[in-house]
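**Q** The following file, final-v2.cif, comprises mmCIF, C-alpha atoms:
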data_data
loop_
_atom_site.label_atom_id
_atom_site.label_comp_id
_atom_site.auth_asym_id
_atom_site.auth_seq_id
_atom_site.Cartn_x
_atom_site.Cartn_y
_atom_site.Cartn_z
CA MET A 1 100.79 1.62 -175.63
CA VAL A 2 100.42 1.14 -171.89
CA HIS A 3 100.97 4.21 -169.72
CA PRO A 4 101.68 3.57 -166.02
CA LEU A 5 99.02 6.00 -164.76
CA GLU A 6 96.32 5.38 -167.34
CA ASP A 7 93.82 4.14 -164.73
CA VAL A 8 94.38 7.10 -162.41
CA LYS A 9 91.81 9.91 -162.47
CA ILE A 10 92.72 13.30 -161.04
CA VAL A 11 90.27 16.10 -160.38
CA SER A 12 92.26 19.29 -160.13
CA LEU A 13 91.20 22.71 -158.90
CA GLU A 14 94.39 24.38 -160.10
CA ILE A 15 95.57 27.76 -161.30
CA SER A 16 98.78 29.46 -162.37
CA VAL A 17 101.92 27.28 -161.96
CA SER A 18 102.43 24.90 -159.02
CA GLY A 19 99.24 22.83 -159.34
CA PRO A 20 99.29 22.71 -163.15
CA PHE A 21 102.99 21.75 -163.11
CA CYS A 22 102.23 18.80 -160.82
CA THR A 23 99.31 17.45 -162.85
CA ALA A 24 101.18 17.96 -166.13
CA LEU A 25 103.91 15.61 -164.87
CA LEU A 26 101.26 13.03 -164.00
CA SER A 27 99.29 13.49 -167.23
CA ASP A 28 102.48 12.82 -169.20
CA PHE A 29 102.25 9.20 -168.16
CA GLY A 30 98.58 8.57 -168.66
CA ALA A 31 96.71 10.06 -165.71
CA GLU A 32 93.34 11.49 -166.71
CA VAL A 33 93.37 15.05 -165.39
CA VAL A 34 90.06 16.91 -165.20
CA LYS A 35 90.97 20.55 -164.77
CA ILE A 36 88.15 22.59 -163.22
CA GLU A 37 88.10 26.17 -164.52
CA ARG A 38 85.78 29.10 -163.95
CA PRO A 39 83.16 29.59 -166.69
CA ARG A 40 84.12 32.27 -169.25
CA ILE A 41 87.31 33.14 -167.32
CA GLY A 42 89.30 29.97 -166.83
CA ASP A 43 92.71 29.62 -165.30
CA PRO A 44 94.19 33.14 -164.89
CA ALA A 45 97.31 31.88 -166.67
CA ARG A 46 95.30 31.80 -169.91
CA GLU A 47 95.48 35.60 -170.11
CA TRP A 48 99.08 36.25 -169.02
CA ASP A 49 100.42 36.78 -172.54
CA THR A 50 99.97 35.71 -176.17
CA ALA A 51 103.57 34.57 -176.79
CA ALA A 52 102.73 30.99 -177.84
CA ALA A 53 101.46 31.87 -181.32
CA GLY A 54 98.55 33.77 -179.75
CA LEU A 55 98.08 31.53 -176.72
CA SER A 56 99.44 32.08 -173.23
CA SER A 57 102.98 30.71 -172.91
CA ALA A 58 102.42 29.66 -169.30
CA PHE A 59 99.12 27.94 -170.01
CA VAL A 60 100.50 26.04 -173.00
CA GLY A 61 103.61 25.07 -171.04
CA LEU A 62 101.70 23.63 -168.09
CA ASN A 63 98.42 22.15 -169.31
CA ARG A 64 99.16 19.41 -171.80
CA ASN A 65 96.97 16.31 -171.94
CA LYS A 66 94.29 17.72 -169.60
CA LYS A 67 90.51 17.88 -169.92
CA SER A 68 89.04 21.33 -169.27
CA LEU A 69 85.73 21.45 -167.40
CA THR A 70 84.16 24.83 -166.71
CA LEU A 71 82.22 24.84 -163.45
CA ASP A 72 80.84 27.42 -161.04
CA LEU A 73 81.71 25.79 -157.73
CA LYS A 74 79.91 28.48 -155.73
CA SER A 75 76.55 27.42 -157.12
CA PRO A 76 74.72 24.42 -155.59
CA LYS A 77 74.46 22.68 -158.97
CA GLY A 78 78.14 23.27 -159.70
CA PHE A 79 79.13 21.94 -156.30
CA GLU A 80 76.98 18.86 -156.86
CA ILE A 81 78.77 18.16 -160.14
CA ALA A 82 82.14 18.53 -158.40
CA THR A 83 80.99 16.11 -155.70
CA GLN A 84 80.01 13.53 -158.29
CA LEU A 85 83.37 13.93 -160.01
CA ILE A 86 85.26 13.49 -156.76
CA LYS A 87 83.39 10.23 -156.12
CA THR A 88 84.89 8.87 -159.34
CA ALA A 89 88.43 10.20 -158.74
CA ASP A 90 91.61 8.70 -157.35
CA VAL A 91 93.20 12.08 -156.61
CA PHE A 92 91.88 15.53 -155.78
CA LEU A 93 94.46 18.30 -156.09
CA HIS A 94 94.31 22.04 -155.51
CA ASN A 95 96.71 24.94 -155.15
CA LEU A 96 94.32 27.47 -153.62
CA THR A 97 94.83 29.12 -150.25
CA PRO A 98 93.51 27.27 -147.17
CA GLU A 99 90.83 29.97 -146.82
CA ALA A 100 89.68 29.69 -150.44
CA ILE A 101 89.41 25.90 -150.40
CA SER A 102 87.56 26.06 -147.09
CA ARG A 103 85.04 28.58 -148.47
CA LEU A 104 84.29 26.15 -151.28
CA ASN A 105 83.73 23.36 -148.70
CA LEU A 106 86.39 21.28 -150.43
CA GLY A 107 88.83 20.76 -147.58
CA TYR A 108 90.14 17.27 -146.87
CA ASP A 109 87.54 16.45 -144.22
CA SER A 110 84.71 17.27 -146.64
CA VAL A 111 86.23 15.49 -149.62
CA LYS A 112 87.11 12.28 -147.78
CA THR A 113 83.50 12.04 -146.63
CA VAL A 114 82.51 11.83 -150.28
CA ASN A 115 85.38 9.50 -151.23
CA PRO A 116 87.26 7.86 -148.32
CA ARG A 117 89.91 6.40 -150.67
CA ILE A 118 90.77 9.76 -152.18
CA ILE A 119 94.37 10.98 -152.34
CA TYR A 120 93.94 14.63 -151.43
CA CYS A 121 96.84 16.95 -152.32
CA GLY A 122 96.93 20.61 -151.33
CA ILE A 123 99.75 22.85 -152.56
CA THR A 124 100.00 26.13 -150.67
CA GLY A 125 102.58 28.80 -150.02
CA TYR A 126 103.39 27.90 -146.42
CA GLY A 127 101.38 24.78 -145.64
CA LYS A 128 97.76 24.33 -144.56
CA ASP A 129 98.38 25.64 -141.04
CA GLY A 130 100.74 27.84 -139.06
CA PRO A 131 101.17 31.63 -138.66
CA TYR A 132 101.92 32.20 -142.37
CA SER A 133 99.39 29.74 -143.80
CA HIS A 134 97.05 32.48 -145.00
CA GLU A 135 99.69 34.75 -146.56
CA LYS A 136 99.69 35.31 -150.31
CA ALA A 137 102.24 33.07 -151.95
CA TYR A 138 103.38 34.19 -155.37
CA ASP A 139 106.73 32.76 -156.44
CA LEU A 140 108.46 36.12 -155.97
CA LEU A 141 107.21 36.41 -152.40
CA ILE A 142 108.32 32.89 -151.49
CA GLN A 143 111.73 33.51 -153.05
CA GLY A 144 112.07 36.43 -150.66
CA GLU A 145 110.76 34.68 -147.56
CA ALA A 146 112.91 31.59 -148.26
CA ALA A 147 116.07 33.73 -148.68
CA LEU A 148 116.59 32.77 -152.33
CA ILE A 149 116.76 36.42 -153.34
CA THR A 150 119.27 37.33 -150.65
CA LEU A 151 121.42 34.38 -151.77
CA THR A 152 121.27 35.31 -155.45
CA GLY A 153 122.93 38.20 -157.26
CA TYR A 154 126.03 40.24 -156.53
CA PRO A 155 127.29 41.51 -153.16
CA ASP A 156 125.85 44.98 -153.77
CA LYS A 157 122.56 43.88 -155.35
CA PRO A 158 120.27 40.86 -154.88
CA ALA A 159 118.45 39.19 -157.76
CA LYS A 160 115.36 37.08 -158.28
CA ILE A 161 115.82 33.65 -159.84
CA ALA A 162 114.35 33.90 -163.34
CA LEU A 163 112.40 30.64 -163.21
CA SER A 164 109.30 30.18 -161.03
CA ILE A 165 111.44 27.91 -158.93
CA CYS A 166 109.24 27.81 -155.81
CA ASP A 167 106.17 26.85 -157.84
CA VAL A 168 108.12 24.22 -159.77
CA ALA A 169 109.71 22.75 -156.63
CA ALA A 170 106.31 22.40 -154.96
CA GLY A 171 104.77 20.92 -158.11
CA MET A 172 107.54 18.33 -158.40
CA TYR A 173 107.26 17.32 -154.74
CA ALA A 174 103.48 17.13 -155.07
CA ALA A 175 103.72 14.79 -158.06
CA GLN A 176 106.13 12.55 -156.15
CA ALA A 177 103.89 12.58 -153.08
CA VAL A 178 100.82 11.65 -155.14
CA LEU A 179 102.66 8.64 -156.56
CA LEU A 180 103.80 7.58 -153.08
CA ALA A 181 100.27 7.93 -151.72
CA LEU A 182 98.89 5.85 -154.60
CA MET A 183 101.44 3.13 -153.79
CA HIS A 184 100.43 3.31 -150.11
CA ARG A 185 96.76 2.97 -151.03
CA GLU A 186 97.56 0.00 -153.27
CA LYS A 187 99.02 -1.76 -150.21
CA THR A 188 96.57 -0.62 -147.53
CA GLY A 189 93.41 0.58 -149.25
CA GLU A 190 93.74 3.89 -147.42
CA GLY A 191 93.42 7.37 -148.84
CA GLN A 192 95.28 10.25 -147.22
CA GLU A 193 96.00 13.96 -147.23
CA ILE A 194 99.15 15.46 -148.77
CA ASP A 195 100.24 18.89 -147.54
CA ILE A 196 102.86 20.54 -149.81
CA SER A 197 104.41 23.92 -149.02
CA MET A 198 106.25 26.05 -151.59
CA PHE A 199 108.27 27.55 -148.73
CA GLU A 200 109.40 24.18 -147.37
CA SER A 201 110.01 22.79 -150.86
CA VAL A 202 112.72 25.29 -151.76
CA ILE A 203 114.22 25.38 -148.27
CA SER A 204 114.77 21.63 -148.61
CA TRP A 205 117.10 22.44 -151.52
CA TYR A 206 119.53 24.42 -149.37
CA ILE A 207 121.73 21.29 -149.01
CA TYR A 208 124.64 23.03 -147.28
CA PHE A 209 123.72 26.61 -146.35
CA GLN A 210 121.99 25.56 -143.13
CA TYR A 211 125.14 23.89 -141.81
CA TYR A 212 127.17 27.05 -142.26
CA TYR A 213 124.56 28.84 -140.16
CA TRP A 214 124.03 26.14 -137.52
CA TYR A 215 127.67 25.25 -136.90
CA ARG A 216 129.63 28.32 -137.97
CA GLY A 217 127.11 31.09 -137.40
CA GLU A 218 127.60 32.20 -141.01
CA VAL A 219 124.91 33.69 -143.24
CA PRO A 220 126.08 33.16 -146.84
CA GLU A 221 126.84 36.32 -148.80
CA ARG A 222 125.87 36.70 -152.43
CA ALA A 223 128.57 35.40 -154.75
CA GLY A 224 127.41 36.65 -158.16
CA MET A 225 128.28 34.16 -160.86
CA ARG A 226 130.55 32.25 -158.47
CA HIS A 227 129.77 29.43 -156.05
CA HIS A 228 129.43 29.89 -152.31
CA ILE A 229 131.57 26.90 -151.35
CA PHE A 230 133.79 26.15 -154.37
CA SER A 231 136.54 28.08 -156.15
CA PRO A 232 137.36 28.58 -158.96
CA TYR A 233 133.79 28.01 -160.07
CA GLY A 234 131.76 30.05 -162.55
CA PRO A 235 131.97 31.78 -165.91
CA PHE A 236 135.17 33.60 -166.90
CA LEU A 237 135.41 35.93 -169.89
CA ALA A 238 137.72 34.81 -172.71
CA ALA A 239 139.50 36.94 -175.31
CA ASP A 240 136.65 36.66 -177.84
CA ARG A 241 134.16 38.04 -175.25
CA ARG A 242 132.54 34.63 -174.76
CA TYR A 243 132.41 33.04 -171.33
CA VAL A 244 134.01 29.78 -170.27
CA ASN A 245 132.08 28.03 -167.52
CA LEU A 246 134.57 26.41 -165.18
CA ALA A 247 133.78 24.10 -162.25
CA VAL A 248 136.62 22.91 -160.00
CA LEU A 249 135.17 20.69 -157.26
CA THR A 250 138.18 18.63 -156.23
CA ASN A 251 141.83 19.21 -155.38
CA ASP A 252 142.78 16.79 -158.15
CA GLU A 253 140.93 18.95 -160.69
CA TRP A 254 142.75 21.98 -159.35
CA ARG A 255 146.11 20.27 -159.86
CA ARG A 256 145.18 19.26 -163.40
CA ILE A 257 143.96 22.71 -164.40
CA CYS A 258 147.12 24.35 -163.07
CA SER A 259 149.59 21.92 -164.62
CA LYS A 260 147.87 20.79 -167.84
CA VAL A 261 145.62 23.72 -168.84
CA PHE A 262 146.99 26.93 -167.36
CA LYS A 263 150.55 25.57 -167.16
CA ARG A 264 151.04 27.61 -163.99
CA GLU A 265 153.02 25.65 -161.42
CA ASP A 266 153.19 28.80 -159.26
CA LEU A 267 149.46 28.52 -158.60
CA LEU A 268 149.85 24.87 -157.76
CA ARG A 269 152.60 25.59 -155.23
CA ASP A 270 150.83 28.52 -153.58
CA PRO A 271 149.73 27.36 -150.09
CA ARG A 272 146.76 29.74 -150.20
CA PHE A 273 145.18 27.59 -152.93
CA GLU A 274 146.08 24.05 -151.91
CA THR A 275 142.62 23.04 -150.64
CA ASN A 276 139.10 24.04 -151.65
CA GLU A 277 138.41 25.82 -148.37
CA LYS A 278 141.62 27.82 -148.72
CA ARG A 279 140.74 28.67 -152.31
CA VAL A 280 137.36 29.97 -151.15
CA GLU A 281 139.00 31.99 -148.35
CA ASN A 282 141.33 33.56 -150.93
CA ARG A 283 138.76 33.71 -153.69
CA ASP A 284 139.40 37.32 -154.76
CA GLU A 285 143.11 36.80 -155.35
CA LEU A 286 142.68 33.40 -156.97
CA GLU A 287 139.86 34.28 -159.32
CA SER A 288 141.46 37.52 -160.45
CA ARG A 289 144.39 35.39 -161.62
CA VAL A 290 142.11 32.91 -163.34
CA GLU A 291 140.27 35.77 -165.04
CA GLN A 292 143.54 37.17 -166.35
CA ILE A 293 144.67 33.79 -167.70
CA ILE A 294 141.39 33.01 -169.46
CA SER A 295 141.17 36.50 -170.95
CA GLU A 296 144.30 35.81 -172.99
CA LYS A 297 142.77 33.27 -175.42
CA ASP A 298 139.43 32.54 -177.10
CA HIS A 299 136.78 30.46 -175.35
CA ASN A 300 136.98 27.52 -177.80
CA TYR A 301 140.68 27.10 -176.98
CA TRP A 302 139.94 26.84 -173.27
CA ILE A 303 136.98 24.50 -173.74
CA GLU A 304 139.16 22.14 -175.76
CA GLU A 305 142.05 22.25 -173.29
CA LEU A 306 139.80 21.79 -170.26
CA GLN A 307 138.06 18.85 -171.88
CA LYS A 308 141.41 17.21 -172.70
CA ALA A 309 142.43 17.62 -169.04
CA GLY A 310 139.15 16.14 -167.82
CA VAL A 311 138.08 19.34 -166.05
CA ALA A 312 134.34 20.14 -166.03
CA CYS A 313 133.56 23.08 -168.29
CA GLY A 314 130.96 24.51 -170.63
CA ARG A 315 129.62 27.58 -172.37
CA LEU A 316 127.08 30.25 -171.37
CA ASN A 317 124.21 29.84 -173.81
CA THR A 318 121.21 32.00 -174.56
CA VAL A 319 117.71 30.48 -174.55
CA GLY A 320 117.84 30.38 -178.35
CA GLU A 321 121.13 28.49 -178.29
CA VAL A 322 119.69 26.00 -175.81
CA LEU A 323 116.63 25.32 -177.97
CA GLU A 324 118.93 24.73 -180.95
CA HIS A 325 121.53 22.87 -178.90
CA PRO A 326 122.91 19.79 -180.71
CA GLN A 327 122.13 17.59 -177.72
CA ASN A 328 118.50 18.72 -177.70
CA ILE A 329 118.22 18.18 -181.45
CA TYR A 330 119.61 14.67 -181.07
CA ARG A 331 117.29 13.88 -178.16
CA LYS A 332 114.28 15.42 -179.98
CA LEU A 333 113.49 17.81 -177.15
CA VAL A 334 111.27 20.01 -179.32
CA ARG A 335 108.05 18.32 -180.45
CA GLU A 336 104.68 19.49 -181.70
CA ILE A 337 101.37 19.28 -179.87
CA ASP A 338 97.77 19.95 -180.86
CA SER A 339 96.23 23.15 -179.53
CA PRO A 340 93.15 25.31 -180.13
CA ILE A 341 95.10 27.05 -182.92
CA GLY A 342 96.60 23.93 -184.48
CA LYS A 343 100.04 22.37 -184.09
CA ILE A 344 102.36 24.26 -181.77
CA LYS A 345 105.94 23.66 -180.64
CA TYR A 346 106.49 22.09 -177.25
CA LEU A 347 109.28 20.87 -174.99
CA SER A 348 108.90 17.15 -174.36
CA SER A 349 109.14 15.54 -170.94
CA PRO A 350 112.63 14.98 -169.50
CA LEU A 351 111.34 11.73 -167.96
CA LYS A 352 112.34 9.05 -170.44
CA LEU A 353 111.10 5.56 -169.60
CA SER A 354 112.09 2.88 -172.10
CA LYS A 355 108.80 0.97 -171.73
CA ALA A 356 106.45 3.92 -171.23
CA PRO A 357 107.32 7.12 -173.11
CA ALA A 358 105.53 10.30 -172.12
CA LYS A 359 102.37 11.39 -173.89
CA LEU A 360 102.16 14.67 -175.77
CA ASP A 361 98.58 14.99 -177.00
CA PHE A 362 96.87 18.37 -176.77
CA ILE A 363 96.35 21.72 -175.03
CA PRO A 364 92.67 22.18 -174.10
CA SER A 365 90.57 25.17 -174.98
CA LEU A 366 88.49 26.59 -172.14
CA GLY A 367 85.67 24.15 -171.31
CA GLU A 368 86.52 21.90 -174.26
CA HIS A 369 85.62 18.71 -172.39
CA THR A 370 82.68 19.97 -170.34
CA ASP A 371 79.98 18.16 -172.33
CA GLU A 372 81.99 14.93 -172.50
CA ILE A 373 82.63 14.86 -168.74
CA LEU A 374 79.07 15.69 -167.72
CA ILE A 375 77.57 13.14 -170.09
CA GLN A 376 79.90 10.51 -168.62
CA LEU A 377 78.51 11.47 -165.21
CA GLY A 378 74.99 10.76 -166.47
CA TYR A 379 73.77 14.22 -167.48
CA SER A 380 71.77 14.47 -170.69
CA GLN A 381 72.78 16.92 -173.41
CA LYS A 382 69.60 18.87 -172.67
CA ILE A 383 70.58 19.34 -169.01
CA VAL A 384 74.14 20.25 -170.00
CA ASP A 385 72.74 22.95 -172.30
CA GLU A 386 70.55 24.24 -169.46
CA LEU A 387 73.53 24.36 -167.09
CA ARG A 388 75.44 26.34 -169.70
CA SER A 389 72.60 28.81 -170.17
CA GLU A 390 72.53 29.31 -166.38
CA GLY A 391 76.27 30.05 -166.34
CA ILE A 392 77.03 27.04 -164.15
CA VAL A 393 79.29 25.47 -166.79
#
What do you get writing this file as structure tokens?

**A**
Amino acid sequence: MVHPLEDVKIVSLEISVSGPFCTALLSDFGAEVVKIERPRIGDPAREWDTAAAGLSSAFVGLNRNKKSLTLDLKSPKGFEIATQLIKTADVFLHNLTPEAISRLNLGYDSVKTVNPRIIYCGITGYGKDGPYSHEKAYDLLIQGEAALITLTGYPDKPAKIALSICDVAAGMYAAQAVLLALMHREKTGEGQEIDISMFESVISWYIYFQYYYWYRGEVPERAGMRHHIFSPYGPFLAADRRYVNLAVLTNDEWRRICSKVFKREDLLRDPRFETNEKRVENRDELESRVEQIISEKDHNYWIEELQKAGVACGRLNTVGEVLEHPQNIYRKLVREIDSPIGKIKYLSSPLKLSKAPAKLDFIPSLGEHTDEILIQLGYSQKIVDELRSEGIV
């Protein structure tokens, strides 16, 4: 089977989430990813928990199909090995701080001297320069700086988004940028530097909040389980204590839900609710009425009636219900992958190409591919053993 990136080699100095997320997306479609890890320690994510049948859930979730090379980059011999690897690579990626990558002498100017055609991708919290470029950039901290926490939660209490959304956003943008840079190099022969910021990545997802600030001087208030600019929108509790997720985005949907589902012409005639902006302005009154109506019958009744009326709706599932969801079973979302402890469950890639399905091969143990990679670079087994005894690999 031909994979679209099977001739692309990536050398990655990655830890935690954003960098590994990016290279996992690329490895899914054939890129050879050489993941450089510290000898004996490895990626810090390896020790975060043991939830994946004894392995770290984060490491398993982010490091499929990669080759693990242990290497002490602070030693001259380790740096020389890294230099030789970079000469053979198409892409060099890191998600270290600008200071850390500079201390290792692996900034773009140094790396392009070794390999002028290299695609160099740096993922950082705030970008490679600027007044915040050297600040620590855990996902929680970026969520705060980028206002995600002040936008999430209830009016009296903010909340963090459960997913590592800033890391994931940056990793996704980085993967896209790498592909674009590879296309550019195919046309021009030129390598280039990619500068991805977690901060900028999630701010780019605002979509509409900035316009409320720029043109109305409004800072959005937290809306709990509701939507900032639509109403009624969100989960409403039914009589059986299950939620009905309701999303009314158009005036036509509002007319249909009033007449065909709720059978409440009084709501339809009320001038306070005739447009979306008016419904948002009068959200408290409107949604208290919707809550009362939905509380009178079980959630399955409302789901069926909403579907018949062509109004967008759904249920509030737990993680367990999602993993056992009939759609995911049909689409074979849950697969198995090889790991250091044998077969382990895994979520397959959401990218489904008819001619090039994603790979799902293995999770590497720490340093599993060290000997293989060094021998390919021309080192003898004897020298590899000496490097290991010196703690360099």

**Q** Carefully work through the PyMOL selection byres ((chain A and resi 280) around 12) for this structure and note down the residues it includes, as a list in words.

**A**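 Applying the PyMOL selection byres ((chain A and resi 280) around 12) to the structure shown produces Ala223, Arg226, His227, His228, Ile229, Phe230, Ser231, Pro232, Tyr233, Val248, Leu249, Arg272, Phe273, Glu274, Thr275, Asn276, Glu277, Lys278, Arg279, Glu281, Asn282, Arg283, Asp284, Glu285, Leu286 and Glu287 of chain A.
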
**Q** Restricting the output to C-alpha atoms, write the selected residues as a short mmCIF file (atom, residue, chain, number, x, y, z; two decimals), keeping the file's coordinate frame.

**A**
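As written to disk, out29.cif reads:
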data_model
loop_
_atom_site.label_atom_id
_atom_site.label_comp_id
_atom_site.auth_asym_id
_atom_site.auth_seq_id
_atom_site.Cartn_x
_atom_site.Cartn_y
_atom_site.Cartn_z
CA ALA A 223 128.57 35.40 -154.75
CA ARG A 226 130.55 32.25 -158.47
CA HIS A 227 129.77 29.43 -156.05
CA HIS A 228 129.43 29.89 -152.31
CA ILE A 229 131.57 26.90 -151.35
CA PHE A 230 133.79 26.15 -154.37
CA SER A 231 136.54 28.08 -156.15
CA PRO A 232 137.36 28.58 -158.96
CA TYR A 233 133.79 28.01 -160.07
CA VAL A 248 136.62 22.91 -160.00
CA LEU A 249 135.17 20.69 -157.26
CA ARG A 272 146.76 29.74 -150.20
CA PHE A 273 145.18 27.59 -152.93
CA GLU A 274 146.08 24.05 -151.91
CA THR A 275 142.62 23.04 -150.64
CA ASN A 276 139.10 24.04 -151.65
CA GLU A 277 138.41 25.82 -148.37
CA LYS A 278 141.62 27.82 -148.72
CA ARG A 279 140.74 28.67 -152.31
CA GLU A 281 139.00 31.99 -148.35
CA ASN A 282 141.33 33.56 -150.93
CA ARG A 283 138.76 33.71 -153.69
CA ASP A 284 139.40 37.32 -154.76
CA GLU A 285 143.11 36.80 -155.35
CA LEU A 286 142.68 33.40 -156.97
CA GLU A 287 139.86 34.28 -159.32
#

**Q** Which distance in Å separates atom CA of A:Glu336 and atom CA of A:Ser365, to one decimal?

**A**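 Rounded to one decimal, the two atoms are 16.6 Å apart.
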
**Q** Residues picked by the PyMOL selection byres ((chain A and resi 91) around 7) here, as a list in words?

**A**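 That expression, the PyMOL selection byres ((chain A and resi 91) around 7), corresponds here to Lys9, Ile10, Val11, Ala89, Asp90, Phe92, Leu93, Ile118, Ile119 and Tyr120 of chain A.
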
**Q** So that I can see what lies close to A:Tyr173, please list as a PyMOL selection string the residues with an atom at most 9 Å from it, counting all atoms listed in the file and leaving out residues fewer than 4 positions away in the same chain.

**A** chain A and resi 22+168-169+177-178+196+201

**Q** Would you pick out the contacts of A:Pro20 at 8 Å or less, using only C-alpha atoms, so that residues sharing its chain but fewer than 3 positions from it are not included, and give the list as a PyMOL selection string?

**A** chain A and resi 14-17+23-24+62-63+171

**Q** Which one of A:Tyr154, A:Asn65, A:Leu237, A:Pro98 sits closest to A:Gly130 if you count all atoms listed in the file?

**A**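 Closest to A:Gly130 of all the choices is A:Pro98.
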
**Q** Measuring atom to atom with all atoms listed in the file, identify which of A:Arg222, A:Arg269, A:Lys112, A:Lys297 is nearest to A:Val244.

**A**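 Using all atoms listed in the file, the shortest distance to A:Val244 belongs to A:Lys297.
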